[in-house]
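Only one structure is covered here, and it is reproduced in the block below.
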There are 4 protein chains.
Amino acid sequence: MIDLRSDNVSGVCPEILEELLRAASDTAPAYGTDAATEALNDRFGDLFGTPVEVFPVATGTIANALALAQVVPPWGAVYCHRLAHIHTSECGAPEHASGGAKLISLEGSDARFSADTLAAGLRAALGGIAGRTHTPPAAVSLSQASERGTLYRPADIAAIAEVCRSSGLILHVDGARFANAVARLGCHPAEITWRAGVDVLSFGATKNGAMIADAIVFFRPGLAESFRFRQKRAGHLISKMRYLSVQLERYVRDDLWLQNARHANAMADRVATGLSAVDGVRLVHPVEANEIFVELPTALAAGLRHQGFGFSHPEPDMPELVRFVTSFNTRQELVTQLIEAAVALATCRSTLAETKGEPT
Amino acid sequence: MIDLRSDNVSGVCPEILEELLRAASDTAPAYGTDAATEALNDRFGDLFGTPVEVFPVATGTIANALALAQVVPPWGAVYCHRLAHIHTSECGAPEHASGGAKLISLEGSDARFSADTLAAGLRAALGGIAGRTHTPPAAVSLSQASERGTLYRPADIAAIAEVCRSSGLILHVDGARFANAVARLGCHPAEITWRAGVDVLSFGATKNGAMIADAIVFFRPGLAESFRFRQKRAGHLISKMRYLSVQLERYVRDDLWLQNARHANAMADRVATGLSAVDGVRLVHPVEANEIFVELPTALAAGLRHQGFGFSHPEPDMPELVRFVTSFNTRQELVTQLIEAAVALATCRSTLAETKGEPT
Amino acid sequence: MIDLRSDNVSGVCPEILEELLRAASDTAPAYGTDAATEALNDRFGDLFGTPVEVFPVATGTIANALALAQVVPPWGAVYCHRLAHIHTSECGAPEHASGGAKLISLEGSDARFSADTLAAGLRAALGGIAGRTHTPPAAVSLSQASERGTLYRPADIAAIAEVCRSSGLILHVDGARFANAVARLGCHPAEITWRAGVDVLSFGATKNGAMIADAIVFFRPGLAESFRFRQKRAGHLISKMRYLSVQLERYVRDDLWLQNARHANAMADRVATGLSAVDGVRLVHPVEANEIFVELPTALAAGLRHQGFGFSHPEPDMPELVRFVTSFNTRQELVTQLIEAAVALATCRSTLAETKGEPT
Amino acid sequence: MIDLRSDNVSGVCPEILEELLRAASDTAPAYGTDAATEALNDRFGDLFGTPVEVFPVATGTIANALALAQVVPPWGAVYCHRLAHIHTSECGAPEHASGGAKLISLEGSDARFSADTLAAGLRAALGGIAGRTHTPPAAVSLSQASERGTLYRPADIAAIAEVCRSSGLILHVDGARFANAVARLGCHPAEITWRAGVDVLSFGATKNGAMIADAIVFFRPGLAESFRFRQKRAGHLISKMRYLSVQLERYVRDDLWLQNARHANAMADRVATGLSAVDGVRLVHPVEANEIFVELPTALAAGLRHQGFGFSHPEPDMPELVRFVTSFNTRQELVTQLIEAAVALATCRSTLAETKGEPT
């Protein structure tokens, strides 16, 4: 299959693999007391231009779950978009890690919510009959890139952070595709994190070329207190932690993370441009990272699938909505091939319809 | 204050108090092994016309939380109305008791959701990208009476139950005001519970004349397995359990529960009729139990409050929305007094407005 | 049955019942915002001679569970005696309420542990391979009176508190029978709580004459922060909270709690003295509260049981170990009757044995 | 440092590394739906000679925690040795994963408990005052090899399993060093697992040559039901799961796991034999796997440490107790070097003592 179902179907990028090879035969202390892990705080501090505390973990799900659990009480409410990965696709991991916190969903087009929507949601929560007995708002989580491949600009985040600050809430970013966002915005990573008011970030690497490695990055001093215990009891204090840490170190060295992301984004642009021009295809969201959401006529989708292209249908109630995801190693020929196939199928379909006198 | 803020501001009805007095000096085994508690299964079995397992508890919140925790896995999803008490007003008790289950909210007018809305929600949950990794639907919870004082008819419940059955979900009813529903519908309690497909009921008594006593009623054989452990670890295996049990026993004996509810409902009707006729007042939901939701001009609300009437504002974003709740011992003179006060205030306001040449 | 199995088989003492009657028909705000509940902080502050924060709850189990959950992280360790009620008899309630905290048991005769034993246990926990990855000590819990009816003196508690302070641990007291302890020691309640270094107390009333009422008393300022949320999500923010509060208010007024406890203690002394004198009976622990633990020849136990006396066997591996518990309303004639029955049975048994030439 | 502190300080064995390289650039479906993961059930079924369900995970801690959480209710009790890793070194991971289960510790020499000790512990739990309200026994967990490097024989396990069966308990084995056990016992892996009555196994690979890979192996049909949800919400449904699976596949292919373990065991024997012969050194436990526990005079330990040998002190209260762990790649020269160093230090010390006329 020519698999564009997700970016986590891709393998490991050569640079990271090389680094793993180099470290493979070393002897080193376990449970994150090795040199590679201990160097991460400085390394990520340099990257973000501010002191940080970094914890490598094995999945993006646990990065989100532990980050949130660390900053909300078991009875706290976390505000996020209705389509947020933490809300729809983590099988209750944040609820489990936090001991019962509640996710409250917000609406917003293109899978983004605004500062105003957040403020309105908080007002509803802080009054009324429910006032004394509901789950008190404790944190806000936004996805960068979002679950529909769109981005929050620095000003969007700053406005949301301002609402958080005035209500005493912590701001978390799910950055499973954080590299794609930074690469596209062309900004310093600080501009869409701590400088804009973000307190803690799930920093993804696995979807963008690592083997198994994501990280939690705490920006606010003191916020990571006792985190090591939380990580251990979640079974995420990896025994040979160094093999996660060397991946992360290499990932952020020499702009590898941004190079990988830039390629994925460029391929996404090509897919978007190419498919948009196809008869009957409609781009549903702006393509700002490496995900393309289009409406595809059912017959066209079937034809592509028949030719070996893999993609997904994110909404069961919207059979025409299709998602393609490009990755650090998506080959340009493949993209061309996809577009040509779509064009050919659409033309053929159009011709057939004309022949039969049917509306196209 | 003439307190119509809720039905739990009322005291204990004389018949139940008398029963407590009678039992007060007895010696009896602890932790629910006493005769009064052990007789409850039979007593409620007679009431519902089917074998049941009944567990007395101290609050409606824990009745809901333990009932749901008993029937869903820690990663399960519970579908309920957006305004459901379990979702808005229990501070995460179901999430805590169940070890992290997730509440998914449904829309619907008058605080009720339909079988169709439920079915659509389930379809969305059972497909798409999220299909393999989301919290799987496990239970459905409806409130009878609803959080806006409206009722589900036997056919409504049967339709919802049918959706549950076809998806393998358990159906729970939050019956904090179950008596008001039965009294109004004039049906046998079986018709809106097990015969319609309900598996477990939070059976409220506290709001309708008990001192401290609610119960969980399991209708489906086997569903209560090991429940005693769950109850104990939640701190709800009451030491002198018999003092809850005698309240419940008396509550359902000689139709006391329905008499109390009928009175509260009748008073609610009077309030609704009286206030509806007042200039500027609009009834927002049909009054089917003992709660009245009206839009009240701000000045009128202020005037009533000034005269000592207590009521609540359920929605912080809707300052004109006001809730009155009547109870088993709401006196008719008081209702008359409330309506007269409202009429007088409205007239006065109208007159003033006319005098000033303002629109009313 | 003449039931001496526990003090929670007794009913409600008349003074508390009278108070419930007085409050029964009042209208009052719900969820602990009523005047009776709001007055408790001052009332208990007077009792203990220091500012406190008091929360009424429905069971001793939840008093312990919520008190501990409030002061330890989900990964924290609580040190307690091997026989502690929280460890053996609450079905994991502290583990549940805290989200997974671990109870570590300590040894010690007569169900009490010493400061030295605690210090040794902590040393073991704070070093070794386990040092980086085990559950860190967070709190210590002692039972006053203990699970074998013995007491900690002010100096014992102060020594334990000193160990706690030097390791940064919170000290909790399970005072299900706190009244019996104060009555026996003849001390001010402050002397065995905050003045000795206790941070939080489960204050029992149910076993000593209340109907359904215990309380959590926080002595350390700030320790109760956000506790209301914890209480609500546990389903223990009782709707008509006032009916717990008036019990507690009456319980501590006019020394009622100590009068009740003094009677129970005096009856326990009589049982102890009387049974000790019986041939073949051995007092196993000093009787310092209202529980008597004796070794009773099997035939004698069977004889007493046959005559209608109820008692319990606390250790399945020690069939001769028997527990009697007296209560606020145990009648003196009944105690006399028990002792006479034991004497008669022992004599008869002795006589029989002599006749048969058997050893007694 | 010549690091013998643990076997997880070693790197990755070449065969497994090669396999990772081979798989690195492939495209494959995520979240365990890839071919390598899907083949594991058959591969491990062949290995154990019975149908099994296998789930790869990233750490031994989560293998234990999820295995236990899967087989006990949140209020269940798990019986294990006082020194069990799950009890002392996982920071409450089993308690967290299970939602509050309780670990009950058993005594036994050489870190093993017997079937008799278990049976006695269960008797104590199933009677007495606590009978109705304690955490009911639900599972038993033994460590193979044990936390002191000793082994349970097939007959030992069968006897324990018999006690489990008769009480309805699940039997779990923590096999972090399972390979070392099988290699030493020379038995088929079935003989110390399912054929002896084991229901679920934490199968370690990381300590014996893998990079990051352990597995949970369910032997009892149906026991893994819904496990995928549990794994996901714990953040352990690894995105690129195939990179764990290929490690595990290679690990058990061509007896690699046993070859690695045999080497580690052989090196452990050499250390044990060599050190035992040193003056003042006492072997504390039989060496049956790859861990050596000795009492080492403080000066000797200091001398070795000074020469660059790394080892650990497992008991803070026993400063002379020292643990060495050998691994799949421990070089024989290094072991020789260690022993020679110890001999030299002991001789020197003895000579010095003689010179000074001190007792040695």
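Chain identifiers are assigned as A, B, and so on, following the order in which chains appear in the structure tokens; residues are numbered from 1 within each chain, and ligands are numbered from 1 in order of appearance.
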
Find the residues around C:Gly108 up to 9 Å (only C-alpha atoms counted), leave out those fewer than 5 positions away in its own chain, and share them as a tab-separated table (two decimals) with N, CA, C and O atoms, in the first residue's frame.
```
chain	number	residue	atom	x	y	z
C	81	HIS	N	-0.15	0.90	61.74
C	81	HIS	CA	0.02	-0.40	62.37
C	81	HIS	C	-0.57	-1.50	61.49
C	81	HIS	O	-1.54	-1.26	60.77
C	82	ARG	N	0.03	-2.67	61.57
C	82	ARG	CA	-0.45	-3.82	60.80
C	82	ARG	C	-1.94	-4.09	61.02
C	82	ARG	O	-2.63	-4.59	60.12
C	113	PHE	N	2.21	1.17	67.48
C	113	PHE	CA	3.61	1.20	67.05
C	113	PHE	C	4.31	2.34	67.78
C	113	PHE	O	3.67	3.30	68.22
C	114	SER	N	5.62	2.21	67.90
C	114	SER	CA	6.39	3.25	68.60
C	114	SER	C	7.07	4.18	67.61
C	114	SER	O	7.19	3.87	66.42
C	117	THR	N	10.00	2.33	65.99
C	117	THR	CA	9.60	1.43	64.91
C	117	THR	C	9.29	2.22	63.64
C	117	THR	O	9.68	1.82	62.53
```

Shell of 10 Å around D:Trp257, only C-alpha atoms, local chain residues under 4 positions omitted, as a PyMOL selection string: chain D and resi 178-180+182-183+204-205+208-210+248+250-253+261-262+328

Nearby residues (only C-alpha atoms) at most 8 Å from A:Ala115, same-chain spacing under 5 positions excluded, as number ranges by chain: A: 156, 159-160, 163

For the residues in the current selection, export C-alpha atoms as a short mmCIF file (atom, residue, chain, number, x, y, z; two decimals), in the first residue's frame.
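File part.cif, as written:
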```cif
data_model
loop_
_atom_site.label_atom_id
_atom_site.label_comp_id
_atom_site.auth_asym_id
_atom_site.auth_seq_id
_atom_site.Cartn_x
_atom_site.Cartn_y
_atom_site.Cartn_z
CA ASP A 156 -4.08 33.33 18.94
CA ALA A 159 -5.04 35.59 23.61
CA ILE A 160 -5.94 32.14 24.91
CA VAL A 163 -7.81 34.04 29.41
#
```

A:Glu288 surroundings by only C-alpha atoms, 7 Å radius, close-in-sequence under 5 positions cut, as a list in words: Gly149, Thr150, Leu151 and Arg184 of chain A

Neighbours of chain B in chain A at 9 Å, counting only C-alpha atoms, as a PyMOL selection string: chain A and resi 74-77+85+87-103+120+123-136+312-317

Atomic distance atom CA of C:Thr298 - atom CA of C:Met1, expressed in Å with one decimal: 19.1 Å

Helix (DSSP H, G or I) call set, DSSP backbone run, stretch 98-249 of chain D, as a VMD selection string: chain D and resid 98 109 to 111 115 to 125 129 to 132 154 to 167 178 to 185 189 to 192 194 to 196 206 to 208 227 to 233 242 to 249

Near-D:Val198 list (8 Å; only C-alpha atoms; drop same-chain fewer than 2 positions) as a ChimeraX atom specification: /D:157,161,170-173,192-196,200-201,219

Kindly save the residues from that selection, with N, CA, C and O atoms included, as an mmCIF file, in the first residue's frame.
```
data_model
loop_
_atom_site.group_PDB
_atom_site.id
_atom_site.type_symbol
_atom_site.label_atom_id
_atom_site.label_comp_id
_atom_site.auth_asym_id
_atom_site.auth_seq_id
_atom_site.Cartn_x
_atom_site.Cartn_y
_atom_site.Cartn_z
ATOM 1 N N ILE D 157 5.876 -23.854 42.154
ATOM 2 C CA ILE D 157 4.846 -23.048 41.486
ATOM 3 C C ILE D 157 3.525 -23.795 41.442
ATOM 4 O O ILE D 157 2.455 -23.227 41.691
ATOM 5 N N ALA D 161 0.088 -22.541 42.807
ATOM 6 C CA ALA D 161 -1.053 -22.468 41.881
ATOM 7 C C ALA D 161 -2.246 -23.241 42.426
ATOM 8 O O ALA D 161 -3.407 -22.846 42.225
ATOM 9 N N ILE D 170 -6.022 -15.563 40.679
ATOM 10 C CA ILE D 170 -5.206 -15.589 39.468
ATOM 11 C C ILE D 170 -3.734 -15.612 39.878
ATOM 12 O O ILE D 170 -3.335 -14.936 40.825
ATOM 13 N N LEU D 171 -2.909 -16.387 39.145
ATOM 14 C CA LEU D 171 -1.478 -16.451 39.453
ATOM 15 C C LEU D 171 -0.671 -15.728 38.374
ATOM 16 O O LEU D 171 -0.702 -16.097 37.194
ATOM 17 N N HIS D 172 0.048 -14.716 38.821
ATOM 18 C CA HIS D 172 0.892 -13.892 37.937
ATOM 19 C C HIS D 172 2.360 -14.158 38.258
ATOM 20 O O HIS D 172 2.723 -14.370 39.413
ATOM 21 N N VAL D 173 3.197 -14.145 37.229
ATOM 22 C CA VAL D 173 4.644 -14.242 37.437
ATOM 23 C C VAL D 173 5.315 -12.995 36.874
ATOM 24 O O VAL D 173 5.071 -12.615 35.725
ATOM 25 N N ILE D 192 7.293 -23.933 33.980
ATOM 26 C CA ILE D 192 7.196 -22.987 35.107
ATOM 27 C C ILE D 192 6.168 -21.894 34.821
ATOM 28 O O ILE D 192 6.148 -20.863 35.484
ATOM 29 N N THR D 193 5.331 -22.157 33.829
ATOM 30 C CA THR D 193 4.240 -21.194 33.589
ATOM 31 C C THR D 193 2.899 -21.936 33.539
ATOM 32 O O THR D 193 2.455 -22.451 34.559
ATOM 33 N N TRP D 194 2.310 -22.016 32.363
ATOM 34 C CA TRP D 194 0.926 -22.501 32.299
ATOM 35 C C TRP D 194 0.750 -23.932 32.760
ATOM 36 O O TRP D 194 -0.255 -24.269 33.384
ATOM 37 N N ARG D 195 1.755 -24.780 32.496
ATOM 38 C CA ARG D 195 1.576 -26.174 32.933
ATOM 39 C C ARG D 195 1.594 -26.290 34.447
ATOM 40 O O ARG D 195 0.996 -27.196 35.026
ATOM 41 N N ALA D 196 2.274 -25.339 35.088
ATOM 42 C CA ALA D 196 2.286 -25.324 36.555
ATOM 43 C C ALA D 196 1.120 -24.532 37.129
ATOM 44 O O ALA D 196 0.947 -24.482 38.349
ATOM 45 N N VAL D 200 -0.772 -15.597 33.922
ATOM 46 C CA VAL D 200 -0.271 -14.458 33.152
ATOM 47 C C VAL D 200 1.169 -14.165 33.575
ATOM 48 O O VAL D 200 1.519 -14.275 34.751
ATOM 49 N N LEU D 201 1.983 -13.821 32.591
ATOM 50 C CA LEU D 201 3.426 -13.647 32.792
ATOM 51 C C LEU D 201 3.887 -12.292 32.279
ATOM 52 O O LEU D 201 3.563 -11.898 31.162
ATOM 53 N N PHE D 219 -1.987 -16.631 29.430
ATOM 54 C CA PHE D 219 -2.130 -18.054 29.120
ATOM 55 C C PHE D 219 -3.583 -18.522 29.200
ATOM 56 O O PHE D 219 -3.969 -19.463 28.538
#
```

Surrounding residues of D:Arg228 excluding itself and chain neighbours under 5 positions, 12 Å, only C-alpha atoms, as a list in words: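 Selected residues are Glu90 and Cys91 of chain A; Trp75, Arg132, Thr133, His134, Thr135 and Pro136 of chain B; Tyr31, Gly32, Thr33, Glu53, Val54, Phe55, Pro56, Val57, Leu66, Ala67, Gln70, Ile216, Leu223, Arg233, Ala234, Gly235, His236, Leu237 and Ile238 of chain D.
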
Strand (DSSP E or B) call set, DSSP backbone run, stretch 173-221 of chain B, as a VMD selection string: chain B and resid 173 to 175 200 to 204 214 to 218

Nearby residues (only C-alpha atoms) at most 7 Å from B:Gly60, same-chain spacing under 2 positions excluded, as a count of residues only: 6

Interatomic distance, atom CA of D:Val78 to atom CA of C:Pro137 (Å, one decimal):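 According to the coordinates, atom CA of D:Val78 and atom CA of C:Pro137 are separated by 20.9 Å.
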
Proximity to A:Glu320 - best of A:Ala299, A:Leu334, A:Thr351, A:His306, only C-alpha atoms: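 Closest to A:Glu320 of all the choices is A:Ala299.
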